Amino acid sequence: MASPTRLTVLSLYKQLLKESKLLTDYNFREYAVRRTRDAFREFKDVTDSTQIHALISKAEENLVVLKRQALLGQVFRSKKIVIES
């Protein structure tokens with residue numbers, strides 16, 4: 001297995017944040033952004049190659065879920081809440 005570079009991890013992080021911000025529901029959107037930032041901060045000091053690959057795989061799975069949720073949110077829009085106005 002090739003070692004993941006800093007660039008690939010940063011790219012994955014940016015993609016997760018971008019997709020998180022596309023969620024239509026305020027609470028889901030804020031939770032996804034916060035959880036993405038917290039997870040990357042939590043695991044920033046991991047050096048074990050197998051653990052890094054496992055974390056990247058998990059993040060890629062979460063990215064697929066976020067993309068699906070964002071798409072569904074656009075199809076089934078809800079009203080904006082007071083905080084968003």
# chains A, B, ... in the order shown; residues from 1 in each chain; ligands from 1
call {"tool": "residues_around", "arguments": {"residues": "region 25-35 of chain A", "least_positions_apart": "6", "cutoff": "12 Å", "atoms": "only C-alpha atoms", "output": "number ranges by chain"}}
result
A: 13-19, 41-42, 59, 62-63, 65-67, 69-74, 76-85
call {"tool": "write_last_selection", "arguments": {"atoms": "C-alpha atoms", "output": "mmCIF file, in the first residue's frame"}}
result
data_model
loop_
_atom_site.group_PDB
_atom_site.id
_atom_site.type_symbol
_atom_site.label_atom_id
_atom_site.label_comp_id
_atom_site.auth_asym_id
_atom_site.auth_seq_id
_atom_site.Cartn_x
_atom_site.Cartn_y
_atom_site.Cartn_z
ATOM 1 C CA TYR A 13 -10.800 17.107 4.493
ATOM 2 C CA LYS A 14 -11.781 19.880 2.073
ATOM 3 C CA GLN A 15 -14.203 17.596 0.243
ATOM 4 C CA LEU A 16 -15.871 16.601 3.507
ATOM 5 C CA LEU A 17 -16.249 20.244 4.556
ATOM 6 C CA LYS A 18 -17.578 21.224 1.126
ATOM 7 C CA GLU A 19 -20.191 18.459 1.130
ATOM 8 C CA ARG A 41 -8.011 17.363 14.853
ATOM 9 C CA GLU A 42 -8.397 14.270 17.005
ATOM 10 C CA ALA A 59 -13.619 9.292 5.917
ATOM 11 C CA ASN A 62 -18.557 9.277 5.284
ATOM 12 C CA LEU A 63 -18.010 11.429 2.204
ATOM 13 C CA VAL A 65 -22.935 9.365 2.890
ATOM 14 C CA LEU A 66 -22.663 13.172 2.969
ATOM 15 C CA LYS A 67 -23.018 13.397 -0.809
ATOM 16 C CA GLN A 69 -27.622 13.269 2.177
ATOM 17 C CA ALA A 70 -26.915 16.554 0.396
ATOM 18 C CA LEU A 71 -28.644 15.273 -2.721
ATOM 19 C CA LEU A 72 -31.666 14.064 -0.760
ATOM 20 C CA GLY A 73 -31.790 17.366 1.106
ATOM 21 C CA GLN A 74 -32.013 19.235 -2.180
ATOM 22 C CA PHE A 76 -36.843 17.221 -0.133
ATOM 23 C CA ARG A 77 -36.267 20.762 1.052
ATOM 24 C CA SER A 78 -37.580 21.949 4.379
ATOM 25 C CA LYS A 79 -38.274 25.479 5.574
ATOM 26 C CA LYS A 80 -35.403 27.561 6.848
ATOM 27 C CA ILE A 81 -35.326 28.119 10.584
ATOM 28 C CA VAL A 82 -34.984 31.493 12.301
ATOM 29 C CA ILE A 83 -31.222 31.166 12.770
ATOM 30 C CA GLU A 84 -30.668 30.894 9.017
ATOM 31 C CA SER A 85 -32.656 34.019 8.120
#
call {"tool": "atom_distance", "arguments": {"atom1": "CA of Ser20 (chain A)", "atom2": "CA of Asp48 (chain A)"}}
result
27.5 Å
call {"tool": "residues_around", "arguments": {"residues": "Pro4 (chain A)", "least_positions_apart": "3", "cutoff": "12 Å", "atoms": "only C-alpha atoms", "output": "PDB file with C-alpha atoms, in the first residue's frame"}}
result
ATOM      1  CA  MET A   1       0.000   0.000   0.000  1.00  0.00           C
ATOM      2  CA  LEU A   7      -2.107  16.446   0.086  1.00  0.00           C
ATOM      3  CA  THR A   8      -4.548  13.526  -0.195  1.00  0.00           C
ATOM      4  CA  VAL A   9      -5.603  13.907   3.435  1.00  0.00           C
ATOM      5  CA  LEU A  10      -6.109  17.661   3.035  1.00  0.00           C
ATOM      6  CA  SER A  11      -8.072  17.077  -0.150  1.00  0.00           C
ATOM      7  CA  LEU A  12     -10.339  14.616   1.637  1.00  0.00           C
ATOM      8  CA  THR A  47       1.595   7.943  12.569  1.00  0.00           C
ATOM      9  CA  ASP A  48       0.751   4.249  12.167  1.00  0.00           C
ATOM     10  CA  SER A  49       0.294   3.549   8.462  1.00  0.00           C
ATOM     11  CA  THR A  50      -2.448   0.924   8.867  1.00  0.00           C
ATOM     12  CA  GLN A  51      -4.420   3.168  11.202  1.00  0.00           C
ATOM     13  CA  ILE A  52      -4.084   6.079   8.774  1.00  0.00           C
ATOM     14  CA  HIS A  53      -5.414   3.928   5.934  1.00  0.00           C
ATOM     15  CA  ALA A  54      -8.330   2.798   8.114  1.00  0.00           C
ATOM     16  CA  LEU A  55      -9.163   6.410   9.016  1.00  0.00           C
ATOM     17  CA  ILE A  56      -8.994   7.480   5.375  1.00  0.00           C
ATOM     18  CA  SER A  57     -11.308   4.635   4.371  1.00  0.00           C
TER      19      SER A  57
END
call {"tool": "atom_distance", "arguments": {"atom1": "CA of Arg6 (chain A)", "atom2": "CA of Lys21 (chain A)"}}
result
22.7 Å
call {"tool": "select_by_dssp", "arguments": {"residues": "chain A", "states": "alpha helix (DSSP H)", "output": "ChimeraX atom specification"}}
result
/A:6-20,26-42,49-75
call {"tool": "write_last_selection", "arguments": {"atoms": "C-alpha atoms", "output": "PDB file, in the first residue's frame"}}
result
ATOM      1  CA  ARG A   6      -0.548  15.135   3.292  1.00  0.00           C
ATOM      2  CA  LEU A   7      -2.107  16.446   0.086  1.00  0.00           C
ATOM      3  CA  THR A   8      -4.548  13.526  -0.195  1.00  0.00           C
ATOM      4  CA  VAL A   9      -5.603  13.907   3.435  1.00  0.00           C
ATOM      5  CA  LEU A  10      -6.109  17.661   3.035  1.00  0.00           C
ATOM      6  CA  SER A  11      -8.072  17.077  -0.150  1.00  0.00           C
ATOM      7  CA  LEU A  12     -10.339  14.616   1.637  1.00  0.00           C
ATOM      8  CA  TYR A  13     -10.800  17.107   4.493  1.00  0.00           C
ATOM      9  CA  LYS A  14     -11.781  19.880   2.073  1.00  0.00           C
ATOM     10  CA  GLN A  15     -14.203  17.596   0.243  1.00  0.00           C
ATOM     11  CA  LEU A  16     -15.871  16.601   3.507  1.00  0.00           C
ATOM     12  CA  LEU A  17     -16.249  20.244   4.556  1.00  0.00           C
ATOM     13  CA  LYS A  18     -17.578  21.224   1.126  1.00  0.00           C
ATOM     14  CA  GLU A  19     -20.191  18.459   1.130  1.00  0.00           C
ATOM     15  CA  SER A  20     -21.110  19.221   4.748  1.00  0.00           C
ATOM     16  CA  TYR A  26     -29.099  23.744   9.595  1.00  0.00           C
ATOM     17  CA  ASN A  27     -28.605  21.269  12.441  1.00  0.00           C
ATOM     18  CA  PHE A  28     -27.247  18.500  10.211  1.00  0.00           C
ATOM     19  CA  ARG A  29     -25.005  20.965   8.390  1.00  0.00           C
ATOM     20  CA  GLU A  30     -23.490  22.404  11.567  1.00  0.00           C
ATOM     21  CA  TYR A  31     -23.064  18.951  13.093  1.00  0.00           C
ATOM     22  CA  ALA A  32     -21.317  17.586   9.988  1.00  0.00           C
ATOM     23  CA  VAL A  33     -18.921  20.533   9.783  1.00  0.00           C
ATOM     24  CA  ARG A  34     -18.142  20.365  13.501  1.00  0.00           C
ATOM     25  CA  ARG A  35     -17.705  16.582  13.470  1.00  0.00           C
ATOM     26  CA  THR A  36     -15.393  16.726  10.438  1.00  0.00           C
ATOM     27  CA  ARG A  37     -13.156  19.341  12.046  1.00  0.00           C
ATOM     28  CA  ASP A  38     -13.110  17.543  15.386  1.00  0.00           C
ATOM     29  CA  ALA A  39     -12.282  14.165  13.836  1.00  0.00           C
ATOM     30  CA  PHE A  40      -9.372  15.516  11.805  1.00  0.00           C
ATOM     31  CA  ARG A  41      -8.011  17.363  14.853  1.00  0.00           C
ATOM     32  CA  GLU A  42      -8.397  14.270  17.005  1.00  0.00           C
ATOM     33  CA  SER A  49       0.294   3.549   8.462  1.00  0.00           C
ATOM     34  CA  THR A  50      -2.448   0.924   8.867  1.00  0.00           C
ATOM     35  CA  GLN A  51      -4.420   3.168  11.202  1.00  0.00           C
ATOM     36  CA  ILE A  52      -4.084   6.079   8.774  1.00  0.00           C
ATOM     37  CA  HIS A  53      -5.414   3.928   5.934  1.00  0.00           C
ATOM     38  CA  ALA A  54      -8.330   2.798   8.114  1.00  0.00           C
ATOM     39  CA  LEU A  55      -9.163   6.410   9.016  1.00  0.00           C
ATOM     40  CA  ILE A  56      -8.994   7.480   5.375  1.00  0.00           C
ATOM     41  CA  SER A  57     -11.308   4.635   4.371  1.00  0.00           C
ATOM     42  CA  LYS A  58     -13.786   5.651   7.061  1.00  0.00           C
ATOM     43  CA  ALA A  59     -13.619   9.292   5.917  1.00  0.00           C
ATOM     44  CA  GLU A  60     -14.239   8.258   2.304  1.00  0.00           C
ATOM     45  CA  GLU A  61     -17.285   6.246   3.384  1.00  0.00           C
ATOM     46  CA  ASN A  62     -18.557   9.277   5.284  1.00  0.00           C
ATOM     47  CA  LEU A  63     -18.010  11.429   2.204  1.00  0.00           C
ATOM     48  CA  VAL A  64     -20.270   9.128   0.186  1.00  0.00           C
ATOM     49  CA  VAL A  65     -22.935   9.365   2.890  1.00  0.00           C
ATOM     50  CA  LEU A  66     -22.663  13.172   2.969  1.00  0.00           C
ATOM     51  CA  LYS A  67     -23.018  13.397  -0.809  1.00  0.00           C
ATOM     52  CA  ARG A  68     -26.120  11.230  -0.686  1.00  0.00           C
ATOM     53  CA  GLN A  69     -27.622  13.269   2.177  1.00  0.00           C
ATOM     54  CA  ALA A  70     -26.915  16.554   0.396  1.00  0.00           C
ATOM     55  CA  LEU A  71     -28.644  15.273  -2.721  1.00  0.00           C
ATOM     56  CA  LEU A  72     -31.666  14.064  -0.760  1.00  0.00           C
ATOM     57  CA  GLY A  73     -31.790  17.366   1.106  1.00  0.00           C
ATOM     58  CA  GLN A  74     -32.013  19.235  -2.180  1.00  0.00           C
ATOM     59  CA  VAL A  75     -34.851  17.014  -3.382  1.00  0.00           C
TER      60      VAL A  75
END
